[in-house]
Amino acid sequence: VTGDVRVIFYEKMIGGRLFYCCFNTAFIRNSLLQLTLKDLDKVGKKGRSICGPTFCLELLFGPANNTGYSSSSISIGDNSSYDSF
């Protein structure tokens, strides 16, 4: 993946969007991108109640593989790390 990316996060049980984030891959350092709550876009009431004021989203990137996943088949679990910068 290179260039501009948008990742949308949904609440698994009810299917509502929590938030999304847009970034350019140039901001990824050492295979890691960290985003605070203020870096996220369109954070709704449900998203804010889950995230909390010290929320930090960490996206870890690795080499591409040939498993055939598409964006519609990847499910991100509800467990997250809330470390700050």
# chains A, B, ... in the order shown; residues from 1 in each chain; ligands from 1
$ residues_around --residues "A:Arg17" --least-positions-apart "5" --cutoff "8 Å" --atoms "only C-alpha atoms" --output "ChimeraX atom specification"
/A:8-11,44
$ write_last_selection --atoms "all heavy atoms" --output "mmCIF file, in the first residue's frame"
data_model
loop_
_atom_site.group_PDB
_atom_site.id
_atom_site.type_symbol
_atom_site.label_atom_id
_atom_site.label_comp_id
_atom_site.auth_asym_id
_atom_site.auth_seq_id
_atom_site.Cartn_x
_atom_site.Cartn_y
_atom_site.Cartn_z
ATOM 1 N N ILE A 8 -11.771 2.670 7.720
ATOM 2 C CA ILE A 8 -13.019 2.909 8.439
ATOM 3 C C ILE A 8 -13.164 1.842 9.524
ATOM 4 O O ILE A 8 -12.965 0.652 9.267
ATOM 5 C CB ILE A 8 -14.224 2.861 7.484
ATOM 6 C CG1 ILE A 8 -14.032 3.856 6.340
ATOM 7 C CG2 ILE A 8 -15.516 3.140 8.246
ATOM 8 C CD1 ILE A 8 -15.059 3.714 5.230
ATOM 9 N N PHE A 9 -13.526 2.258 10.731
ATOM 10 C CA PHE A 9 -13.709 1.348 11.854
ATOM 11 C C PHE A 9 -15.186 1.304 12.229
ATOM 12 O O PHE A 9 -15.818 2.344 12.423
ATOM 13 C CB PHE A 9 -12.878 1.810 13.059
ATOM 14 C CG PHE A 9 -11.401 1.705 12.805
ATOM 15 C CD1 PHE A 9 -10.732 2.726 12.150
ATOM 16 C CD2 PHE A 9 -10.702 0.587 13.191
ATOM 17 C CE1 PHE A 9 -9.381 2.634 11.893
ATOM 18 C CE2 PHE A 9 -9.347 0.480 12.941
ATOM 19 C CZ PHE A 9 -8.686 1.509 12.287
ATOM 20 N N TYR A 10 -15.713 0.082 12.340
ATOM 21 C CA TYR A 10 -17.118 -0.142 12.664
ATOM 22 C C TYR A 10 -17.256 -0.847 13.999
ATOM 23 O O TYR A 10 -16.385 -1.604 14.412
ATOM 24 C CB TYR A 10 -17.773 -1.032 11.595
ATOM 25 C CG TYR A 10 -17.880 -0.375 10.247
ATOM 26 C CD1 TYR A 10 -16.906 -0.558 9.279
ATOM 27 C CD2 TYR A 10 -18.970 0.425 9.934
ATOM 28 C CE1 TYR A 10 -16.997 0.050 8.034
ATOM 29 C CE2 TYR A 10 -19.079 1.032 8.698
ATOM 30 C CZ TYR A 10 -18.091 0.841 7.749
ATOM 31 O OH TYR A 10 -18.195 1.447 6.531
ATOM 32 N N GLU A 11 -18.385 -0.630 14.659
ATOM 33 C CA GLU A 11 -18.727 -1.376 15.862
ATOM 34 C C GLU A 11 -19.313 -2.693 15.389
ATOM 35 O O GLU A 11 -20.308 -2.713 14.662
ATOM 36 C CB GLU A 11 -19.728 -0.581 16.707
ATOM 37 C CG GLU A 11 -19.742 -0.950 18.168
ATOM 38 C CD GLU A 11 -20.520 -2.215 18.453
ATOM 39 O OE1 GLU A 11 -21.540 -2.419 17.810
ATOM 40 O OE2 GLU A 11 -20.085 -2.986 19.312
ATOM 41 N N GLY A 44 -18.011 9.746 16.124
ATOM 42 C CA GLY A 44 -19.362 9.952 16.621
ATOM 43 C C GLY A 44 -19.458 9.781 18.121
ATOM 44 O O GLY A 44 -18.477 9.510 18.810
#
$ residues_around --residues "A:Asp39" --least-positions-apart "3" --cutoff "12 Å" --atoms "only C-alpha atoms" --output "list of chain:residue names"
A:Phe19, A:Tyr20, A:Cys21, A:Cys22, A:Phe23, A:Leu33, A:Gln34, A:Leu35, A:Thr36, A:Lys42, A:Val43, A:Phe55, A:Cys56, A:Leu57, A:Glu58
$ closest_residue --among "A:Cys51, A:Pro63, A:Lys46, A:Arg29" --to "A:Gly15" --atoms "only C-alpha atoms"
A:Lys46
$ closest_residue --among "A:Thr54, A:Thr25, A:Ser49, A:Asn65" --to "A:Val1" --atoms "only C-alpha atoms"
A:Thr25
$ atom_distance --atom1 "atom CA of A:Gly16" --atom2 "atom CA of A:Gly52"
17.9 Å
$ closest_residue --among "A:Arg6, A:Leu60, A:Met13, A:Phe27" --to "A:Asp41" --atoms "only C-alpha atoms"
A:Arg6
$ atom_distance --atom1 "atom CA of A:Leu32" --atom2 "atom CA of A:Asp4"
15.6 Å
$ atom_distance --atom1 "atom CA of A:Lys12" --atom2 "atom CA of A:Asn24"
26.0 Å
